[in-house]
Every structure is written in C-alpha cells, then in structure tokens.
Amino acid sequence: MISALKPKVIGIDSFFDCKEGKTDSLSCPLAYDTLSNLILANAITEAGNVVLVTKLLQSSGLIRKYGDSDLYDSLERTDSLVRGDAIEGYASLNTGASHQEDLKMCRSFNPRMVLQNGDTLNAFSVQVAMLYDSTKAMKFLERGKSLEVINYRGNVPDIYQASAPEFANRYTYLEWYQPFDTTSFLHEIITDRIVLLGFMGENLDDTSWDDKFITPLNKNFAGKTRPDMYGVVVHANIISMILGDDYIDELAKWQEYAIAILICYFNIILFYYINQKIPIWFDGLSVLLQLVQIVVFTFIMIYALKWFNFKLNLTVTLLAIALVGTCFEVYFNLVKVLIGRFQRRFTKAASEVLTTQNSEISNLNP
C-alpha cells in the first residue's frame with residue numbers, strides 16, 4: 001500500500017526474525033507463517049527502495065577476549081527469506097545503556113563501523129540518506145568521523161510533552177491503519193519522500209519506554225525525566241541532518257586541552273600581576289575574574305552550538321579556571337615559602353661545609 005504511493009525511500013526499523021535462534025511455534029510464530037513471510041518478501045522486492053535494520057552483536061568469544069568494548073563480530077538480521085537482497089544498515093545507537101529496559105540517553109551515533117572480519121557497515125540512517133541522495137550522504141561520510149553528534153531538529157507530537165513544545169510536530173507520523181484510508185491526503189505526505197516504519201508505542205497514549213530515548217530536546221535533560229523520543233524518530237533526525245548538510249562540529253581532544261592550558265597560563269600571569277601591584281585586592285579580584293570567565297565561557301559554549309552548530313566543549317577550561325586561583329595562592333603562600341626555606345637551609349649547610357674546608361686548607365699551609 002505504501003509503495004504504491006511511490007515514496008523515494010522506505011526504511012523499516014524493525015526485525016522479522018526469531019529472537020535468540022528460537023524457532024519453535026510458541027517463541028517464534030513468524031517462522032511458521034510462510035504465506036505472510038512470502039507476501040512481505042515480495043513487497044520488499046517489488047518496492048526496490050527498502051532499507052532494513054541490523055543490530056551489531058558481540059559473540060561470547062569476543063567478549064571473553066576483549067571484555068566490554070566497542071568491537072563487534074556478528075549481526076542480528078531479518079530472516080533471509082524476508083529480506084532478500086534489500087539494503088541493510090545497523091540501527092545501533094550510542095546510549096551507554098546495557099539493557100533495552102535501562103534509561104537511554106542518545107546524543108551521538110557511529111556513521112560507520114568495521115566488524116572483526118574487516119567488513120565496513122553503514123548506519124541505518126546513513127543508508128536511507130544514501131538511497132535518497134547519495135551525493136550528500138557521501139559528503140557526510142567523507143568527514144571521516146567515527147562518532148558524530150546528532151543535530152536534533154524536532155520530534156513527533158507527544159501528549160506527555162516530554163520534549164520542549166517548540167520541537168513537537170517536526171515530523172509527520174501515521175498510525176498503522178491510516179495508509180488504508182483512501183480518503184486521506186497520503187500522496188502529499190508520502191510521494192517522493194522518505195517513509196520510516198518503526199515502533200512508536202501501541203498508540204499515542206502508550207507510556208512504554210521500549211526503544212525510547214532521552215535526547216537534548218527533552219525539557220528536563222539535566223534532571224529526572226522520562227524518555228522523549230522513539231528510536232525511529234532519532235533516525236529521522238539523523239537523516240535530516242545528513243540531507244540538510246547541517247552537521248555539528250566539535251573540538252579535538254588536544255584542542256580542548258590546548259585551550260585550557262593557554263587560558264590557565266593567562267590567568268596565572270594576570271594573578272601574578274595583581275599580586276605584585278595591588279596585593280590587598282588580590283582575593284576579591286581573583287574570585288571575581290574567575291566567576292566572570294566561567295559565565296562568559298559558558299555562554300560562548302551555548303551560543304556556539306546555537307548559532308554555528310559547533311560543540312565547543314570547554315569543560316577542561318572551566319575546571320582550570322575554577323582551580324587556578326586557589327592553586328596560585330597555595331603556591332605563593334605555602335609551596336614557595338617551603339621551597340625558599342629549603343633553599344636557605346641547603347645554602348647555609350653548603351656554606352658551612354665550604355668554610356670548614358677552607359679552614360682545614362689554611363691549617364695545612366705553613
């Protein structure tokens with residue numbers, strides 16, 4: 001029904017397989033519904049523009065060898081009878097969660113991954129974008145980044161308003177039965193567009209957290225909150241970012257540390273000048289300067305992301321600013337004093353030894 005409306009790409013964020021290899025009729029009725037499998041396989045083949053998901057897996061041998069790592073050697077895939085020659089991409093996202101039931105926070109994803117056998121795989125969202133506009137997808141991949149920050153654009157309507165209201169209604173969604181309604185304006189919604197099929201709860205009132213993530217669009221991102229975005233909508237945001245050339249750039253780790261060192265060095269020079277010229281004002285001025293810098297750099301971080309899509313991570317710099325004043329005082333009021341005392345004691349001892357040696361030499365001379 002959907003393919004008849006001629007969407008440019010259909011992405012299916014769901015598996016049609018038997019979980020954990022269980023093929024009995026109770027655990028996996030799908031394995032025995034041959035007719036439905038053939039109908040679905042035929043629909044995927046005839047559409048010709050379908051992308052299916054896979055899931056990156058680790059074998060028990062790989063886990064024993066490398067432990068908890070980002071190395072993978074196998075895939076969960078839709079059953080071969082159903083998938084045929086359909087294009088595939090892994091749907092795995094970076095969340096830090098160990099289990100599906102855990103609270104999952106998603107801010108980034110891996111555009112490409114290399115399996116232990118050397119095979120290079122593209123992410124599901126990258127494959128969908130590739131099928132829609134290969135030029136823009138290749139431009140994105142040519143950035144060569146193993147981890148990309150997701151530039152979230154919006155969400156589907158959420159009656160619980162977990163996402164901030166201004167981000168709702170960014171993407172059009174349909175209930176499973178709506179494509180069968182011939183009186184609706186489906187052509188305007190589907191024709192020549194990307195259609196993603198995936199789990200979004202049993203209905204709009206569903207409070208399930210299955211395949212649902214906390215994203216930066218959440219109203220309470222920094223505190224206790226509920227997940228605000230389904231996985232299929234996360235993929236929609238990634239696809240929008242790729243096709244809109246609207247990426248988020250960020251500093252390399254060495255650049256973060258270099259900025260922190262330079263700012264710290266500047267503060268040391270400034271504090272030294274204040275301590276030498278107006279020592280009576282040092283305590284008040286040093287604290288004031290630290291507070292001003294922390295506020296200014298925090299605003300720079302926020303607006304660099306808002307205006308320039310640049311994730312300016314100055315966490316190390318802010319930590320250096322917060323500690324530099326105290327460290328400066330500790331050095332000049334304690335460490336430097338102790339070093340001075342040690343040097344004087346060493347100089348005195350060396351002088352006494354030298355005096356004794358000179359006296360002995362004088363006694364030896366007639």
# chains A, B, ... in the order shown; residues from 1 in each chain; ligands from 1
call {"tool": "closest_atom_pairs", "arguments": {"of": "range 223-316 of chain A", "to": "range 138-147 of chain A", "cutoff": "9 Å", "atoms": "only C-alpha atoms", "output": "JSON lines"}}
result
{"residue": "A:Ile242", "atom": "CA", "partner": "A:Phe140", "partner_atom": "CA", "distance": 6.3}
{"residue": "A:Leu243", "atom": "CA", "partner": "A:Phe140", "partner_atom": "CA", "distance": 8.8}
{"residue": "A:Asp245", "atom": "CA", "partner": "A:Phe140", "partner_atom": "CA", "distance": 7.6}
{"residue": "A:Tyr247", "atom": "CA", "partner": "A:Phe140", "partner_atom": "CA", "distance": 8.3}
call {"tool": "write_last_selection", "arguments": {"atoms": "N, CA and C atoms", "output": "mmCIF file, in the first residue's frame"}}
result
data_model
loop_
_atom_site.group_PDB
_atom_site.id
_atom_site.type_symbol
_atom_site.label_atom_id
_atom_site.label_comp_id
_atom_site.auth_asym_id
_atom_site.auth_seq_id
_atom_site.Cartn_x
_atom_site.Cartn_y
_atom_site.Cartn_z
ATOM 1 N N ILE A 242 21.873 14.840 7.786
ATOM 2 C CA ILE A 242 22.724 14.480 6.648
ATOM 3 C C ILE A 242 22.255 15.178 5.376
ATOM 4 N N LEU A 243 20.968 15.104 5.095
ATOM 5 C CA LEU A 243 20.439 15.677 3.854
ATOM 6 C C LEU A 243 20.424 17.201 3.874
ATOM 7 N N ASP A 245 22.861 18.975 5.252
ATOM 8 C CA ASP A 245 24.252 19.428 5.460
ATOM 9 C C ASP A 245 24.368 20.235 6.746
ATOM 10 N N TYR A 247 25.515 19.596 9.969
ATOM 11 C CA TYR A 247 26.252 18.809 10.946
ATOM 12 C C TYR A 247 26.678 19.651 12.146
#
call {"tool": "closest_residue", "arguments": {"among": "A:Leu289, A:Ala137, A:Ile12, A:Ile39", "to": "Val324 in chain A", "atoms": "only C-alpha atoms"}}
result
A:Leu289
call {"tool": "residues_around", "arguments": {"residues": "Gly11 in chain A", "least_positions_apart": "4", "cutoff": "6 Å", "atoms": "only C-alpha atoms", "output": "number ranges by chain"}}
result
A: 50-51, 196
call {"tool": "write_last_selection", "arguments": {"atoms": "N, CA and C atoms", "output": "mmCIF file, in the first residue's frame"}}
result
data_model
loop_
_atom_site.group_PDB
_atom_site.id
_atom_site.type_symbol
_atom_site.label_atom_id
_atom_site.label_comp_id
_atom_site.auth_asym_id
_atom_site.auth_seq_id
_atom_site.Cartn_x
_atom_site.Cartn_y
_atom_site.Cartn_z
ATOM 1 N N VAL A 50 13.877 -0.268 -0.341
ATOM 2 C CA VAL A 50 13.690 -0.536 1.085
ATOM 3 C C VAL A 50 15.039 -0.727 1.773
ATOM 4 N N VAL A 51 15.172 -0.127 2.950
ATOM 5 C CA VAL A 51 16.350 -0.323 3.798
ATOM 6 C C VAL A 51 15.895 -1.007 5.083
ATOM 7 N N LEU A 196 9.634 6.150 7.118
ATOM 8 C CA LEU A 196 10.254 5.256 8.095
ATOM 9 C C LEU A 196 9.162 4.509 8.849
#
call {"tool": "closest_residue", "arguments": {"among": "A:Lys19, A:Arg193, A:Lys212, A:Lys311", "to": "Leu131 in chain A", "atoms": "only C-alpha atoms"}}
result
A:Arg193
call {"tool": "closest_residue", "arguments": {"among": "A:Leu121, A:Ser163, A:Gly67, A:Phe328", "to": "Tyr265 in chain A", "atoms": "only C-alpha atoms"}}
result
A:Phe328
call {"tool": "residues_around", "arguments": {"residues": "range 54-58 of chain A", "least_positions_apart": "6", "cutoff": "6 Å", "atoms": "only C-alpha atoms", "output": "list in words"}}
result
Tyr72, Asp73, Ser74, Leu75, Glu76, Arg77, Gly89, Tyr90, Ala91 and Ser92 of chain A
call {"tool": "residues_around", "arguments": {"residues": "Asp192 in chain A", "least_positions_apart": "3", "cutoff": "8 Å", "atoms": "only C-alpha atoms", "output": "list in words"}}
result
Lys6, Pro7, Lys8 and Val9 of chain A
call {"tool": "residues_around", "arguments": {"residues": "range 105-117 of chain A", "least_positions_apart": "4", "cutoff": "7 Å", "atoms": "only C-alpha atoms", "output": "JSON, numbers by chain"}}
result
{"A": [72, 73, 93, 94, 95, 121, 122, 123, 126, 146, 147, 148, 149, 150, 213, 214, 215]}
call {"tool": "closest_residue", "arguments": {"among": "A:Phe124, A:Thr45, A:Tyr66, A:Asn218", "to": "Ala86 in chain A", "atoms": "only C-alpha atoms"}}
result
A:Thr45
call {"tool": "closest_residue", "arguments": {"among": "A:Glu202, A:Asp158, A:Glu46, A:Asp283", "to": "Glu175 in chain A", "atoms": "only C-alpha atoms"}}
result
A:Glu202
call {"tool": "atom_distance", "arguments": {"atom1": "CA of Cys327 in chain A", "atom2": "CA of Asn267 in chain A"}}
result
11.2 Å
call {"tool": "closest_residue", "arguments": {"among": "A:Val292, A:Leu62, A:Leu35, A:Ile321", "to": "Val82 in chain A", "atoms": "only C-alpha atoms"}}
result
A:Leu35
call {"tool": "select_by_dssp", "arguments": {"residues": "range 114-336 of chain A", "states": "alpha helix (DSSP H)", "output": "PyMOL selection string"}}
result
chain A and resi 124-132+134-141+186-190+231-243+253-277+282-308+315-330+336
call {"tool": "atom_distance", "arguments": {"atom1": "CA of Gly198 in chain A", "atom2": "CA of Val53 in chain A"}}
result
10.3 Å
call {"tool": "atom_distance", "arguments": {"atom1": "CA of Ala322 in chain A", "atom2": "CA of Ile278 in chain A"}}
result
21.5 Å
